[in-house]
file entry16.csv (CSV, C-alpha atoms)
chain,number,residue,atom,x,y,z
A,20,MET,CA,93.5,82.8,97.3
A,21,GLU,CA,96.2,85.5,97.5
A,22,VAL,CA,95.9,85.5,101.3
A,23,ILE,CA,96.3,81.7,101.4
A,24,PHE,CA,99.3,81.9,99.1
A,25,LEU,CA,100.9,84.6,101.2
A,26,PHE,CA,100.2,82.6,104.4
A,27,GLY,CA,101.8,79.6,102.8
A,28,LYS,CA,104.8,81.7,102.0
A,29,ILE,CA,105.2,82.6,105.6
A,30,VAL,CA,104.5,79.1,107.0
A,31,ASN,CA,106.8,77.2,104.6
A,32,PRO,CA,110.1,78.6,105.9
A,33,ILE,CA,109.0,78.3,109.5
A,34,ALA,CA,108.0,74.6,108.9
A,35,SER,CA,111.5,74.0,107.3
A,36,LEU,CA,113.2,75.5,110.3
A,37,LEU,CA,111.1,73.5,112.8
A,38,GLY,CA,111.7,70.5,110.7
A,39,LEU,CA,115.4,70.9,111.1
A,40,ILE,CA,114.9,71.0,114.9
A,41,MET,CA,112.7,67.9,114.8
A,42,ASN,CA,115.3,66.1,112.6
A,43,ALA,CA,118.1,67.0,115.0
A,44,ILE,CA,116.1,65.8,118.0
A,45,TYR,CA,115.4,62.4,116.4
A,46,ASN,CA,119.0,62.0,115.3
A,47,PHE,CA,120.2,62.8,118.8
A,48,PHE,CA,118.0,60.0,120.3
A,49,ASN,CA,119.1,57.8,117.5
A,50,LEU,CA,122.7,58.0,118.7
A,51,PHE,CA,121.6,56.1,121.8
A,52,GLY,CA,119.6,53.6,119.8
A,53,ILE,CA,116.3,55.2,120.6
A,54,GLU,CA,114.1,55.6,117.5
A,55,ASN,CA,110.8,57.1,118.7
A,56,ILE,CA,108.8,59.8,117.0
A,57,GLY,CA,106.5,60.3,120.0
A,58,LEU,CA,109.4,61.0,122.3
A,59,SER,CA,110.9,63.4,119.7
A,60,ILE,CA,107.5,65.2,119.5
A,61,ILE,CA,107.5,65.8,123.3
A,62,VAL,CA,111.1,67.2,123.3
A,63,PHE,CA,110.3,69.1,120.1
A,64,THR,CA,107.3,70.8,121.8
A,65,PHE,CA,109.4,71.7,124.9
A,66,ILE,CA,112.1,73.4,122.7
A,67,THR,CA,109.5,75.3,120.5
A,68,LYS,CA,107.6,76.5,123.6
A,69,THR,CA,110.8,77.7,125.2
A,70,LEU,CA,111.7,79.7,122.1
A,71,MET,CA,108.2,81.2,122.2
A,72,LEU,CA,108.4,82.1,125.9
A,73,PRO,CA,109.2,85.9,125.2
A,74,LEU,CA,105.9,86.1,123.2
A,75,THR,CA,104.0,84.4,126.1
A,76,ILE,CA,105.4,86.9,128.6
A,77,LYS,CA,104.5,89.8,126.4
A,78,GLN,CA,101.0,88.5,125.9
A,79,GLN,CA,100.5,88.1,129.7
A,80,LYS,CA,101.8,91.6,130.4
A,81,PHE,CA,99.2,93.0,128.1
A,82,SER,CA,96.6,90.9,129.8
A,83,ARG,CA,97.5,92.4,133.2
A,84,LEU,CA,97.4,95.9,131.7
A,85,GLN,CA,94.1,95.1,130.0
A,86,ALA,CA,92.7,94.1,133.4
A,87,ILE,CA,93.3,97.7,134.6
A,88,ILE,CA,92.3,99.4,131.3
A,89,THR,CA,89.0,97.5,130.9
A,90,PRO,CA,87.0,99.3,133.6
A,91,GLU,CA,88.0,102.7,132.2
A,92,ILE,CA,87.1,101.7,128.7
A,93,GLN,CA,83.7,100.5,129.9
A,94,LYS,CA,83.1,103.9,131.5
A,95,ILE,CA,83.8,105.6,128.2
A,96,GLN,CA,81.6,103.2,126.4
A,97,GLU,CA,78.8,103.9,128.9
A,98,LYS,CA,79.3,107.6,128.4
A,99,TYR,CA,78.6,107.4,124.7
A,100,LYS,CA,76.1,104.6,124.9
A,101,GLY,CA,73.4,105.1,122.2
A,102,LYS,CA,75.2,107.9,120.5
A,103,LYS,CA,75.9,107.0,116.8
A,104,ASP,CA,76.6,110.4,115.4
A,105,GLU,CA,80.1,111.0,113.8
A,106,ALA,CA,81.3,113.5,116.4
A,107,SER,CA,80.5,111.2,119.3
A,108,MET,CA,82.1,108.2,117.6
A,109,ARG,CA,85.3,110.3,117.0
A,110,LYS,CA,85.3,111.3,120.7
A,111,LEU,CA,84.8,107.7,121.8
A,112,GLN,CA,87.7,106.6,119.7
A,113,ALA,CA,89.9,109.5,120.9
A,114,GLU,CA,89.2,108.8,124.5
A,115,THR,CA,89.7,105.1,124.1
A,116,GLN,CA,93.1,105.6,122.4
A,117,ALA,CA,94.0,108.1,125.2
A,118,VAL,CA,93.4,105.5,127.9
A,119,TYR,CA,95.6,102.9,126.1
A,120,ALA,CA,98.3,105.6,125.5
A,121,ARG,CA,98.2,106.6,129.2
A,122,TYR,CA,99.3,103.0,130.0
A,123,GLY,CA,101.9,102.9,127.3
A,124,THR,CA,100.1,100.4,125.1
A,125,ASN,CA,97.5,100.2,122.3
A,126,GLN,CA,94.5,98.1,121.3
A,127,THR,CA,96.5,95.9,118.9
A,128,ALA,CA,99.3,95.1,121.4
A,129,GLY,CA,97.6,91.9,122.4
A,130,CYS,CA,97.1,90.8,118.8
A,131,LEU,CA,100.7,91.0,117.7
A,132,PRO,CA,102.0,88.0,119.7
A,133,MET,CA,98.9,86.0,118.5
A,134,LEU,CA,99.6,86.9,114.9
A,135,ILE,CA,103.2,85.8,115.3
A,136,THR,CA,102.2,82.6,117.0
A,137,LEU,CA,99.5,81.6,114.5
A,138,PRO,CA,101.9,80.7,111.5
A,139,ILE,CA,104.2,79.0,114.0
A,140,MET,CA,101.4,76.8,115.2
A,141,PHE,CA,100.4,75.9,111.6
A,142,ALA,CA,104.1,75.1,110.9
A,143,LEU,CA,104.2,72.8,114.0
A,144,TYR,CA,101.2,70.8,112.8
A,145,ARG,CA,102.7,70.5,109.3
A,146,VAL,CA,105.8,69.0,110.7
A,147,ILE,CA,104.0,66.6,113.1
A,148,ASN,CA,101.5,65.5,110.4
A,149,ASN,CA,104.2,64.7,107.9
A,150,ILE,CA,107.3,63.4,109.8
A,151,PRO,CA,108.9,61.6,106.8
A,152,GLU,CA,109.2,64.9,105.0
A,153,TYR,CA,111.3,66.5,107.8
A,154,VAL,CA,113.1,63.6,109.6
A,155,SER,CA,115.7,62.1,107.3
A,156,ALA,CA,116.2,58.8,109.1
A,157,ILE,CA,112.4,58.1,109.0
A,158,ARG,CA,112.3,59.1,105.4
A,159,ASP,CA,114.9,56.5,104.6
A,160,TYR,CA,112.5,53.8,105.8
A,161,TYR,CA,109.6,55.2,103.9
A,162,THR,CA,111.8,55.4,100.7
A,163,ILE,CA,112.6,51.7,101.0
A,164,VAL,CA,108.9,50.8,101.3
A,165,GLY,CA,107.8,53.3,98.6
A,166,THR,CA,110.4,51.9,96.2
A,167,ALA,CA,109.2,48.4,96.8
A,168,ILE,CA,105.6,49.4,96.1
A,169,GLU,CA,106.7,51.0,92.8
A,170,THR,CA,108.5,47.8,91.9
A,171,ARG,CA,105.6,45.6,92.9
A,172,GLY,CA,103.0,47.9,91.4
A,173,ILE,CA,100.9,50.6,93.2
A,174,GLU,CA,97.9,48.3,92.9
A,175,VAL,CA,99.1,46.7,96.0
A,176,LEU,CA,97.7,49.7,97.9
A,177,SER,CA,94.3,49.4,96.3
A,178,ASP,CA,92.8,47.5,99.3
A,179,ILE,CA,95.0,49.3,101.9
A,180,ALA,CA,95.1,53.0,101.2
A,181,LEU,CA,92.0,55.0,102.0
A,182,ASN,CA,90.4,56.7,98.9
A,183,TYR,CA,92.9,54.9,96.7
A,184,GLU,CA,91.0,56.0,93.5
A,185,LYS,CA,91.6,59.7,94.4
A,186,LEU,CA,95.3,59.4,95.3
A,187,ASP,CA,98.0,60.6,93.0
A,188,LEU,CA,100.7,57.8,93.3
A,189,SER,CA,102.5,58.8,90.1
A,190,ASN,CA,105.9,59.3,91.9
A,191,LEU,CA,107.8,58.2,95.0
A,192,ASN,CA,107.1,61.4,96.9
A,193,ASN,CA,103.4,61.1,96.6
A,194,ILE,CA,103.6,57.4,97.6
A,195,ILE,CA,105.5,58.4,100.8
A,196,LYS,CA,102.9,61.1,101.5
A,197,SER,CA,100.2,58.5,101.3
A,198,LEU,CA,102.1,56.1,103.6
A,199,ALA,CA,102.7,58.9,106.2
A,200,ALA,CA,99.0,58.7,107.0
A,201,PHE,CA,98.9,54.9,107.5
A,202,ASN,CA,97.7,53.6,110.8
A,203,THR,CA,98.7,50.3,112.5
A,204,SER,CA,96.1,48.2,110.7
A,205,GLN,CA,97.2,49.5,107.3
A,206,TRP,CA,100.9,48.8,108.0
A,207,LYS,CA,100.0,45.2,109.1
A,208,LEU,CA,98.1,44.7,105.8
A,209,LEU,CA,101.1,46.0,103.8
A,210,LEU,CA,103.4,43.8,105.8
A,211,ASP,CA,101.2,40.8,104.9
A,212,ALA,CA,101.5,41.7,101.2
A,213,GLY,CA,105.2,40.6,101.4
A,214,LEU,CA,106.8,43.4,99.3
A,215,SER,CA,110.4,42.4,100.1
A,216,LEU,CA,112.6,41.5,103.0
A,217,ASP,CA,114.1,45.1,103.1
A,218,ALA,CA,110.6,46.6,102.9
A,219,ASP,CA,109.2,44.4,105.6
A,220,ASN,CA,112.1,45.3,107.9
A,221,ALA,CA,111.5,49.0,107.1
A,222,ILE,CA,107.8,48.7,107.9
A,223,ARG,CA,108.6,47.1,111.3
A,224,SER,CA,111.0,50.0,112.0
A,225,ILE,CA,108.4,52.5,111.1
A,226,MET,CA,105.8,50.8,113.4
A,227,ASN,CA,108.3,50.7,116.2
A,228,ALA,CA,109.2,54.4,115.7
A,229,ASN,CA,105.5,55.3,115.8
A,230,ASN,CA,104.9,53.5,119.0
A,231,LEU,CA,104.8,55.3,122.4
A,232,PHE,CA,103.6,53.5,125.5
A,233,GLY,CA,101.8,51.0,123.4
A,234,LEU,CA,100.0,53.7,121.3
A,235,SER,CA,100.8,54.4,117.7
A,236,ILE,CA,100.9,58.1,116.9
A,237,THR,CA,99.3,57.5,113.5
A,238,ASN,CA,96.2,55.9,115.0
A,239,THR,CA,93.1,57.8,116.0
A,240,PRO,CA,91.8,57.4,119.6
A,241,SER,CA,89.1,54.8,120.3
A,242,TRP,CA,86.5,54.6,123.1
A,243,LYS,CA,87.2,50.9,123.3
A,244,SER,CA,91.0,51.2,124.0
A,245,ILE,CA,93.4,52.9,126.4
A,246,SER,CA,93.9,55.5,123.6
A,247,ILE,CA,90.8,57.4,124.9
A,248,ILE,CA,93.1,58.8,127.6
A,249,ILE,CA,94.6,61.1,124.9
A,250,PRO,CA,91.5,63.3,124.3
A,251,LEU,CA,90.6,63.2,128.0
A,252,LEU,CA,94.1,64.3,129.0
A,253,SER,CA,94.2,67.0,126.4
A,254,MET,CA,90.8,68.3,127.5
A,255,GLY,CA,91.7,68.3,131.2
A,256,LEU,CA,95.1,69.9,130.8
A,257,GLN,CA,93.6,72.7,128.7
A,258,PHE,CA,91.0,73.4,131.4
A,259,VAL,CA,93.8,73.8,133.9
A,260,GLN,CA,95.7,76.0,131.4
A,261,SER,CA,92.7,78.2,130.8
A,262,LYS,CA,92.2,78.7,134.5
A,263,GLN,CA,95.8,80.0,134.8
A,264,LEU,CA,95.2,82.4,132.0
A,265,ASN,CA,92.0,83.8,133.4
A,266,VAL,CA,92.9,87.3,134.5
A,267,LYS,CA,90.3,88.8,136.8
A,268,THR,CA,89.2,92.3,135.8
A,269,ASN,CA,87.3,94.9,137.7
A,270,SER,CA,84.6,95.0,135.1
A,271,LYS,CA,81.0,95.5,135.9
A,272,ASP,CA,79.1,92.5,137.1
A,273,ASN,CA,76.5,92.9,134.4
A,274,VAL,CA,79.1,92.9,131.6
A,275,PRO,CA,79.8,89.3,130.5
A,276,ASN,CA,83.3,88.2,130.0
A,277,PRO,CA,83.6,86.5,126.6
A,278,MET,CA,86.7,84.7,127.6
A,279,SER,CA,84.9,82.8,130.3
A,280,SER,CA,82.8,80.8,127.8
A,281,MET,CA,85.8,80.4,125.5
A,282,ASN,CA,87.8,78.9,128.4
A,283,VAL,CA,85.1,76.1,128.6
A,284,VAL,CA,84.4,75.7,124.9
A,285,MET,CA,88.0,75.4,123.7
A,286,PRO,CA,89.1,72.5,125.9
A,287,ILE,CA,85.9,70.6,125.0
A,288,MET,CA,86.5,71.2,121.3
A,289,SER,CA,90.1,70.1,121.6
A,290,GLY,CA,88.8,66.8,123.1
A,291,PHE,CA,86.5,66.2,120.1
A,292,PHE,CA,89.3,67.1,117.7
A,293,CYS,CA,91.6,64.6,119.4
A,294,LEU,CA,89.0,61.9,118.7
A,295,MET,CA,89.2,62.6,115.0
A,296,LEU,CA,92.9,63.3,114.5
A,297,PRO,CA,96.0,61.0,114.9
A,298,ILE,CA,97.3,60.4,118.4
A,299,GLY,CA,100.5,62.3,117.4
A,300,VAL,CA,98.5,65.5,117.2
A,301,GLY,CA,96.9,64.8,120.6
A,302,LEU,CA,100.3,64.0,122.1
A,303,TYR,CA,101.5,67.4,120.9
A,304,TRP,CA,98.5,69.1,122.5
A,305,ILE,CA,99.1,67.3,125.8
A,306,ALA,CA,102.8,68.1,125.8
A,307,ASN,CA,102.1,71.7,124.8
A,308,SER,CA,99.5,72.1,127.6
A,309,THR,CA,101.8,70.5,130.2
A,310,ILE,CA,104.7,72.7,129.3
A,311,SER,CA,102.4,75.8,129.1
A,312,ILE,CA,101.1,75.1,132.6
A,313,ILE,CA,104.6,74.8,134.0
A,314,GLN,CA,105.7,78.0,132.2
A,315,GLN,CA,102.6,79.9,133.2
A,316,PHE,CA,103.1,79.0,136.8
A,317,PHE,CA,106.5,80.8,136.8
A,318,VAL,CA,105.3,83.6,134.5
A,319,ASN,CA,102.4,84.3,137.0
A,320,LYS,CA,104.9,84.2,139.9
A,321,TYR,CA,107.1,86.7,138.0
A,322,LEU,CA,104.2,89.0,137.2
A,323,ASP,CA,102.6,88.7,140.6
A,324,SER,CA,105.9,89.9,142.2
A,325,MET,CA,105.9,92.9,139.9
A,326,ASP,CA,103.9,95.9,141.2
A,327,LEU,CA,101.2,97.0,138.8
A,328,ASP,CA,102.5,100.6,138.9
A,329,GLU,CA,105.9,99.2,138.0
A,330,LEU,CA,104.4,97.3,135.1
A,331,VAL,CA,102.6,100.5,133.9
A,332,GLU,CA,105.8,102.5,134.3
A,333,LYS,CA,107.9,100.1,132.2
A,334,SER,CA,105.2,100.1,129.5
A,335,GLN,CA,105.1,103.9,129.5
A,336,GLU,CA,108.9,104.2,129.3
A,337,LYS,CA,108.9,101.7,126.4
A,338,ALA,CA,106.2,103.7,124.6
A,339,SER,CA,108.1,106.9,125.2
A,340,LYS,CA,111.4,105.4,123.8
A,341,LYS,CA,109.6,104.0,120.8
A,342,TYR,CA,108.1,107.4,120.1
A,343,MET,CA,111.5,109.2,120.3
A,344,LYS,CA,113.1,106.6,118.1
A,345,ALA,CA,110.4,106.7,115.4
A,346,LYS,CA,109.8,110.5,115.3
A,347,PRO,CA,111.2,112.2,112.2
A,348,ALA,CA,114.0,114.7,112.4
A,349,GLY,CA,112.6,118.2,113.3
A,350,GLU,CA,109.6,116.8,115.0
A,351,PRO,CA,109.0,118.1,118.6
A,352,SER,CA,110.4,116.1,121.5
A,353,ILE,CA,108.1,114.3,123.9
A,354,GLN,CA,108.5,117.3,126.3
A,355,GLU,CA,107.7,119.9,123.7
A,356,LEU,CA,104.7,117.8,122.6
A,357,ALA,CA,103.6,117.6,126.1
A,358,LYS,CA,103.7,121.4,126.5
A,359,LYS,CA,101.7,121.8,123.3
A,360,GLN,CA,99.1,119.3,124.4
A,361,THR,CA,98.8,121.0,127.8
A,362,LYS,CA,98.1,124.3,126.1
A,363,SER,CA,95.6,122.6,123.9
A,364,ILE,CA,93.9,121.1,127.0
A,365,GLU,CA,93.7,124.6,128.6
A,366,SER,CA,92.3,126.0,125.3
A,367,VAL,CA,89.6,123.3,125.3
A,368,SER,CA,88.8,124.0,129.0
A,369,ASP,CA,88.4,127.7,128.1
A,370,LYS,CA,86.0,126.7,125.3
A,371,THR,CA,84.1,124.6,127.6
A,372,MET,CA,83.6,127.5,130.0
A,373,ASP,CA,82.5,129.8,127.2
A,374,ASN,CA,80.2,127.1,126.1
A,375,GLN,CA,78.5,127.1,129.5
A,376,ASN,CA,78.1,130.9,129.3
A,377,GLY,CA,76.3,130.5,126.1
A,378,THR,CA,79.0,132.2,124.0
A,379,MET,CA,79.8,129.2,121.9
A,380,ASP,CA,77.6,126.6,120.1
A,381,ILE,CA,77.9,123.1,121.7
A,382,ASP,CA,78.5,121.5,118.3
A,383,GLN,CA,81.1,124.0,117.0
A,384,ASP,CA,84.0,121.8,117.8
A,385,ALA,CA,82.5,118.9,115.9
A,386,GLU,CA,81.8,121.1,112.9
A,387,ASN,CA,85.4,122.3,112.9
A,388,GLY,CA,86.6,118.7,113.1
A,389,GLU,CA,87.8,119.0,116.7
A,390,SER,CA,86.9,117.0,119.7
A,391,SER,CA,85.9,118.5,123.1
A,392,TYR,CA,88.1,115.8,124.5
A,393,ASN,CA,91.8,116.2,123.8
A,394,PRO,CA,93.7,113.1,124.9
A,395,ALA,CA,96.9,114.3,126.5
A,396,SER,CA,98.4,110.8,126.4
A,397,ILE,CA,102.0,111.8,125.7
A,398,SER,CA,101.9,114.7,128.2
A,399,GLU,CA,100.6,112.3,130.8
A,400,ILE,CA,103.3,109.8,130.1
A,401,ALA,CA,105.9,112.5,130.3
A,402,ASN,CA,104.5,113.9,133.6
A,403,ILE,CA,104.1,110.5,135.2
A,404,LEU,CA,107.7,109.5,134.2
A,405,LYS,CA,109.0,112.8,135.5
A,406,HIS,CA,107.1,112.4,138.9
A,407,ARG,CA,108.3,108.8,139.2
A,408,LYS,CA,111.9,109.8,138.7
A,409,VAL,CA,111.6,112.6,141.3
A,410,GLU,CA,110.1,110.1,143.8
A,411,LYS,CA,112.9,107.7,143.1
A,412,GLY,CA,115.4,110.5,143.6
A,413,ASP,CA,113.9,111.4,146.9
A,414,LYS,CA,114.1,107.9,148.1

call {"tool": "encode", "arguments": {"input": "entry16.csv", "output": "structure tokens"}}
result
Amino acid sequence: MEVIFLFGKIVNPIASLLGLIMNAIYNFFNLFGIENIGLSIIVFTFITKTLMLPLTIKQQKFSRLQAIITPEIQKIQEKYKGKKDEASMRKLQAETQAVYARYGTNQTAGCLPMLITLPIMFALYRVINNIPEYVSAIRDYYTIVGTAIETRGIEVLSDIALNYEKLDLSNLNNIIKSLAAFNTSQWKLLLDAGLSLDADNAIRSIMNANNLFGLSITNTPSWKSISIIIPLLSMGLQFVQSKQLNVKTNSKDNVPNPMSSMNVVMPIMSGFFCLMLPIGVGLYWIANSTISIIQQFFVNKYLDSMDLDELVEKSQEKASKKYMKAKPAGEPSIQELAKKQTKSIESVSDKTMDNQNGTMDIDQDAENGESSYNPASISEIANILKHRKVEKGDK
């Protein structure tokens, strides 16, 4: 419960901010006499995706690095395959971390953009699923209808609202929340109830605002109508998007790539969800996929033009700067740390030679809490950066 509460605390302000953007978009179109929620959702998606572009590029850079790192990690895993003792597990972890550090990244680098994106996605759905709460002009129409229902008596909704007995219609806000989920058939029934002239005009305005290309965004798609194109388009576009995101790795042929199955399952799942959810959500997915495909095309062009060595170098430089900025006063610099780790490596090499001559027990390092593998990640970064600068100077 605490996690859900905390997540809600994060999502609520994001939803409020996105709601302001949605409201501004709708009001902008309204200046030209265009009152259409569907069109606003498309533009809204474009703006939010553009704002999230830096996260997308960061995620894709990590994917490119991961494509290089994966074969090395697989070799390490193969090396310790079947070894479950504590010393071997420590060595496995140390060597894995050293590989990531050598490329200036870490195992959680790919998770951070996703963790940031997740609450944004939930906030987006919240805004799209409850337009009257965030778009003031639309809320005015709902307020007129809700007030007429209160005056007439909430029983007018008994044969119209789904699960009427379970609804809390004790105040105007709750009535508006219930109306926000109405589809075209329910609006027509409410129109036939003859609440009042103002309420009837407000209902017609709501129905017009919900309509895009003859489809109401509050309806769910049906196999018997043109609305079936929504889940089909959503599924097809996500297939295209997943193909763009599929970064080839030099992994072993016998090692399955879990993302391959996900790239097939997720688009199919989105198609089924679109059949059960309002068209507005499906419209958002279609717009999101379309914009993502366009963005990804240019992101791929940008990353393809970047040499992998250059990408690794930039990642290493960033990691080095981050280390220097975060290190406490008095701590050794990256050069000093590199020297210490170099000496440590030489010491480990000497121990290994003694070990081969029988002068040291093979498990002595493990007993002393040391590892026979000493990751010289920072020294490697320092040396690589030094060599690269020398090469650039020569040129």

call {"tool": "residues_around", "arguments": {"input": "entry16.csv", "residues": "Thr239 (chain A)", "least_positions_apart": "6", "cutoff": "6 Å", "atoms": "only C-alpha atoms", "output": "list in words"}}
result
Leu296, Pro297 and Ile298 of chain A

call {"tool": "atom_distance", "arguments": {"input": "entry16.csv", "atom1": "CA of Thr89 (chain A)", "atom2": "CA of Ala113 (chain A)"}}
result
15.6 Å

call {"tool": "residues_around", "arguments": {"input": "entry16.csv", "residues": "Ser253 (chain A)", "least_positions_apart": "4", "cutoff": "8 Å", "atoms": "only C-alpha atoms", "output": "list in words"}}
result
Ile249, Gln257, Pro286, Ser289, Gly290, Cys293, Gly301, Trp304, Ile305 and Ser308 of chain A

call {"tool": "atom_distance", "arguments": {"input": "entry16.csv", "atom1": "CA of Gly165 (chain A)", "atom2": "CA of Gly57 (chain A)"}}
result
22.6 Å

call {"tool": "atom_distance", "arguments": {"input": "entry16.csv", "atom1": "CA of Ser155 (chain A)", "atom2": "CA of Asn182 (chain A)"}}
result
27.2 Å

call {"tool": "closest_residue", "arguments": {"input": "entry16.csv", "among": "A:Val164, A:Val118, A:Met288, A:Ala106", "to": "Asp219 (chain A)", "atoms": "all atoms listed in the file"}}
result
A:Val164

call {"tool": "residues_around", "arguments": {"input": "entry16.csv", "residues": "region 136-151 of chain A", "least_positions_apart": "4", "cutoff": "9 Å", "atoms": "all atoms listed in the file", "output": "VMD selection string"}}
result
chain A and resid 26 to 27 29 to 35 37 to 38 41 to 42 56 60 64 67 71 74 131 to 132 155 to 161 195 to 196 199 to 200 237 297 299 to 300 303

call {"tool": "residues_around", "arguments": {"input": "entry16.csv", "residues": "Ile222 (chain A)", "least_positions_apart": "3", "cutoff": "10 Å", "atoms": "all atoms listed in the file", "output": "list in words"}}
result
Tyr160, Tyr161, Ile163, Val164, Trp206, Lys207, Leu209, Leu210, Leu216, Asp217, Ala218, Asp219, Ile225, Met226, Asn227 and Ala228 of chain A

call {"tool": "closest_residue", "arguments": {"input": "entry16.csv", "among": "A:Ile287, A:Leu256, A:Glu169, A:Leu294", "to": "Ile312 (chain A)", "atoms": "all atoms listed in the file"}}
result
A:Leu256

call {"tool": "decode", "arguments": {"input": "entry16.csv", "residues": "region 25-41 of chain A", "atoms": "N, CA and C atoms", "output": "mmCIF file, in the first residue's frame"}}
result
data_model
loop_
_atom_site.group_PDB
_atom_site.id
_atom_site.type_symbol
_atom_site.label_atom_id
_atom_site.label_comp_id
_atom_site.auth_asym_id
_atom_site.auth_seq_id
_atom_site.Cartn_x
_atom_site.Cartn_y
_atom_site.Cartn_z
ATOM 1 N N LEU A 25 3.036 6.031 -2.639
ATOM 2 C CA LEU A 25 4.200 6.785 -3.095
ATOM 3 C C LEU A 25 4.158 6.988 -4.604
ATOM 4 N N PHE A 26 3.769 5.921 -5.335
ATOM 5 C CA PHE A 26 3.682 6.018 -6.787
ATOM 6 C C PHE A 26 2.639 7.059 -7.193
ATOM 7 N N GLY A 27 1.514 7.068 -6.446
ATOM 8 C CA GLY A 27 0.466 8.057 -6.702
ATOM 9 C C GLY A 27 0.952 9.478 -6.464
ATOM 10 N N LYS A 28 1.798 9.635 -5.438
ATOM 11 C CA LYS A 28 2.369 10.945 -5.137
ATOM 12 C C LYS A 28 3.258 11.440 -6.270
ATOM 13 N N ILE A 29 3.901 10.499 -6.958
ATOM 14 C CA ILE A 29 4.766 10.855 -8.085
ATOM 15 C C ILE A 29 3.937 11.149 -9.328
ATOM 16 N N VAL A 30 2.909 10.318 -9.569
ATOM 17 C CA VAL A 30 2.100 10.433 -10.785
ATOM 18 C C VAL A 30 1.219 11.678 -10.771
ATOM 19 N N ASN A 31 0.650 12.020 -9.610
ATOM 20 C CA ASN A 31 -0.308 13.128 -9.536
ATOM 21 C C ASN A 31 0.240 14.454 -10.058
ATOM 22 N N PRO A 32 1.415 14.912 -9.605
ATOM 23 C CA PRO A 32 1.921 16.189 -10.146
ATOM 24 C C PRO A 32 2.272 16.110 -11.630
ATOM 25 N N ILE A 33 2.729 14.936 -12.084
ATOM 26 C CA ILE A 33 3.033 14.774 -13.516
ATOM 27 C C ILE A 33 1.747 14.868 -14.324
ATOM 28 N N ALA A 34 0.681 14.210 -13.835
ATOM 29 C CA ALA A 34 -0.617 14.268 -14.514
ATOM 30 C C ALA A 34 -1.147 15.703 -14.548
ATOM 31 N N SER A 35 -0.937 16.444 -13.472
ATOM 32 C CA SER A 35 -1.391 17.843 -13.440
ATOM 33 C C SER A 35 -0.652 18.676 -14.480
ATOM 34 N N LEU A 36 0.663 18.443 -14.602
ATOM 35 C CA LEU A 36 1.454 19.169 -15.595
ATOM 36 C C LEU A 36 1.032 18.812 -17.015
ATOM 37 N N LEU A 37 0.858 17.517 -17.280
ATOM 38 C CA LEU A 37 0.417 17.073 -18.608
ATOM 39 C C LEU A 37 -1.000 17.558 -18.892
ATOM 40 N N GLY A 38 -1.809 17.636 -17.836
ATOM 41 C CA GLY A 38 -3.172 18.153 -17.990
ATOM 42 C C GLY A 38 -3.170 19.609 -18.442
ATOM 43 N N LEU A 39 -2.224 20.381 -17.924
ATOM 44 C CA LEU A 39 -2.097 21.785 -18.348
ATOM 45 C C LEU A 39 -1.740 21.873 -19.831
ATOM 46 N N ILE A 40 -0.856 20.954 -20.266
ATOM 47 C CA ILE A 40 -0.470 20.925 -21.689
ATOM 48 C C ILE A 40 -1.680 20.568 -22.552
ATOM 49 N N MET A 41 -2.423 19.549 -22.121
ATOM 50 C CA MET A 41 -3.615 19.121 -22.867
ATOM 51 C C MET A 41 -4.648 20.245 -22.932
#
